[in-house]
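Undergrad: Before anything else, here's the structure in question.
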Amino acid sequence: MAVAGILNIPKLPLFSSLPLRKQSRPLSISIKASNSQTSTKEEENPSFSSSSSSSSTTTTATTFAPPPNFKPPEPKRFAIRPDKTWDIVGASLALFFRLGTGVFVSGYSASLVSEKEIPPGQYSLELGGSKVKETSKIGPRPEKPIEIYEFEGCPFCRKVREIVAVLDIDVLFYPCPKNGPNFRPKVAQMGGKQQFPYMVDPNTGVAMYESDDIIKYLVEKYGDGSVPFMLSLGLLTTLTAGFAMIGRMGRGNSYTPSKLPPKPLEIWSYEGSPFCKIVREVLVELELPHTQRSCARGSPKRQILYEKAGHFQVPYLEDPNTGVQMFESAEIVEYLRATYAQ
């Protein structure tokens, strides 16, 4: 199903406060996803039009296919392709500035046990002949993925992505890079201004700006109500989230012309992984909606991916538009650019 153009709306003043509220969202043409399966939903709205015409238009369907002679690579655990070494090093700086926030699920604990204590077919990390038994404490699960409009080069957005990893919730991300033609204008149309992040919870009808308010809402609704220490320091949290981007300055910020697919991609990843980071940057630059299956350390979804793919490693991409399923961050980046960049 094709996705129509989005109405161009002038930028409004940034960073003014907007209280939490339930919104009655106008009809729109948008990409939707659920926990059980990915689908598209199209609703009519004569006010939506392309930037080049004031009349309602229909986008010609585009057929998406993998690049010629494409073959998914074999997964290689903890391996860095030589030409990506400095990318991974730069993305890893965030772990230092943010003290690992976004690496572990809430209530995470780990212990070394003998191999016999882990049943065959159960995912676990191996260390020196022993295995790591990991547990966590997760709260209520949202029936539908939370929808978040954001972009990589924004410290306020990073804070929200970190709590998503901590709470182990799945999110449908709508990337909003600078000069992006689709979802930045849509945020202004829905909420009244182009300010990020912007969250919509389709399970409750709540929509809001302001990263701290979003974090508080998510921990109260889908966690134990407590905000993690590194996300509760006010200005210091924002400053360290900004410092975390130093190694990847400018990446994941600006729009690269692309073809918008009819279905959101699915990416198994989490905020604390530098390998996931370089893939997320390209997803944002290409303005590709994607459902993130959060799987930080301690996530039960690690077992789900292990059973699904016969191996656990992130990032893992599933593209319902082409049927491609693949590991390896460097090759995922090349695939995304070859398939969706114009």
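In the structure tokens, chains take the letters A, B, ... in the order shown, each chain's residues start at 1, and ligands count up from 1 in the order shown.
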Using the chain letters and numbers from this document, which residues of range 97-306 of chain A does DSSP assign to helix (DSSP H, G or I), as a ChimeraX atom specification?
TA: /A:97,115-117,155-167,183-191,211-222,229-231,235-243,246-248,274-285,301-306
Undergrad: Please build the interface table for range 110-189 of chain A against range 263-283 of chain A with a cut-off of 8 Å, listing for each qualifying residue the nearest atom pair and the distance in Å to one decimal; count only C-alpha atoms, order rows by chain and increasing number, and write it as a Markdown table.
TA:
```
| residue | atom | partner | partner_atom | distance |
| --- | --- | --- | --- | --- |
| A:Glu152 | CA | A:Glu281 | CA | 6.2 |
| A:Arg161 | CA | A:Glu271 | CA | 6.3 |
| A:Glu162 | CA | A:Glu271 | CA | 5.9 |
| A:Ala165 | CA | A:Tyr270 | CA | 5.7 |
| A:Pro175 | CA | A:Leu283 | CA | 7.4 |
```
Undergrad: With a distance cut-off of 12 Å and only C-alpha atoms, select the neighbouring residues of Leu127 in chain A, excluding the residue or stretch itself and same-chain residues fewer than 4 positions from it, and output the selection as a ChimeraX atom specification.
TA: /A:111-115,131-133
Undergrad: Pick the closest to His311 in chain A from A:Ala296, A:Leu125, A:Leu233, A:Ile80: which is it, counting only C-alpha atoms?
TA: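 Result for the nearest residue to His311 in chain A: A:Leu125.
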Undergrad: Under the rule that only C-alpha atoms are counted, which of A:Asp168, A:Glu287, A:Asp319, A:Glu220 is the nearest residue to Gln342 in chain A?
TA: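 Counting only C-alpha atoms, the residue closest to Gln342 in chain A is A:Glu287.
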Undergrad: Which residue is closest to Tyr174 in chain A? Choose from A:Gly128, A:Gly225, A:Pro72, A:Pro145 and count only C-alpha atoms.
TA: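 That would be A:Pro145, the residue with the smallest distance to Tyr174 in chain A.
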Undergrad: Could you state the separation of CA of Leu260 in chain A and CA of Met190 in chain A in Å, given to one decimal place?
TA: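 Separating CA of Leu260 in chain A from CA of Met190 in chain A is a distance of 20.1 Å.
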Undergrad: Which of these residues is nearest to Glu328 in chain A, using only C-alpha atoms: A:Ser211, A:Gln313, A:Thr62, A:Asn69?
TA: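 Closest to Glu328 in chain A of all the choices is A:Gln313.
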Undergrad: Using the chain letters and numbers from this document, which residues of range 111-340 of chain A does DSSP assign to strand (DSSP E or B), as an NGL selection string?
TA: :A and (111-114 or 125-127 or 130-135 or 146-150 or 171-175 or 178 or 198-201 or 206-208 or 254 or 258 or 265-269 or 290-294 or 297 or 316-319 or 324-326)
Undergrad: Find the spatial neighbours of Gly323 in chain A, counting only C-alpha atoms, within a cut-off of 10 Å - ignore same-chain residues fewer than 6 positions away - and output them as a PDB file with all heavy atoms, in the first residue's frame.
TA:
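Now in selection.pdb:
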```
ATOM      1  N   PHE A  64       9.918  -2.776  -4.000  1.00  0.00           N
ATOM      2  CA  PHE A  64      11.218  -2.849  -3.343  1.00  0.00           C
ATOM      3  C   PHE A  64      11.757  -4.268  -3.446  1.00  0.00           C
ATOM      4  O   PHE A  64      11.025  -5.245  -3.292  1.00  0.00           O
ATOM      5  CB  PHE A  64      11.104  -2.450  -1.875  1.00  0.00           C
ATOM      6  CG  PHE A  64      10.769  -0.994  -1.683  1.00  0.00           C
ATOM      7  CD1 PHE A  64       9.448  -0.588  -1.534  1.00  0.00           C
ATOM      8  CD2 PHE A  64      11.758  -0.031  -1.670  1.00  0.00           C
ATOM      9  CE1 PHE A  64       9.130   0.744  -1.371  1.00  0.00           C
ATOM     10  CE2 PHE A  64      11.448   1.309  -1.510  1.00  0.00           C
ATOM     11  CZ  PHE A  64      10.142   1.697  -1.356  1.00  0.00           C
ATOM     12  N   ALA A  65      13.046  -4.370  -3.724  1.00  0.00           N
ATOM     13  CA  ALA A  65      13.702  -5.668  -3.846  1.00  0.00           C
ATOM     14  C   ALA A  65      15.126  -5.545  -3.323  1.00  0.00           C
ATOM     15  O   ALA A  65      15.703  -4.454  -3.321  1.00  0.00           O
ATOM     16  CB  ALA A  65      13.716  -6.130  -5.307  1.00  0.00           C
ATOM     17  N   PRO A  66      15.712  -6.639  -2.871  1.00  0.00           N
ATOM     18  CA  PRO A  66      17.107  -6.579  -2.418  1.00  0.00           C
ATOM     19  C   PRO A  66      18.023  -6.183  -3.567  1.00  0.00           C
ATOM     20  O   PRO A  66      17.673  -6.327  -4.741  1.00  0.00           O
ATOM     21  CB  PRO A  66      17.393  -8.022  -1.965  1.00  0.00           C
ATOM     22  CG  PRO A  66      16.051  -8.655  -1.781  1.00  0.00           C
ATOM     23  CD  PRO A  66      15.134  -7.979  -2.746  1.00  0.00           C
TER      24      PRO A  66
END
```
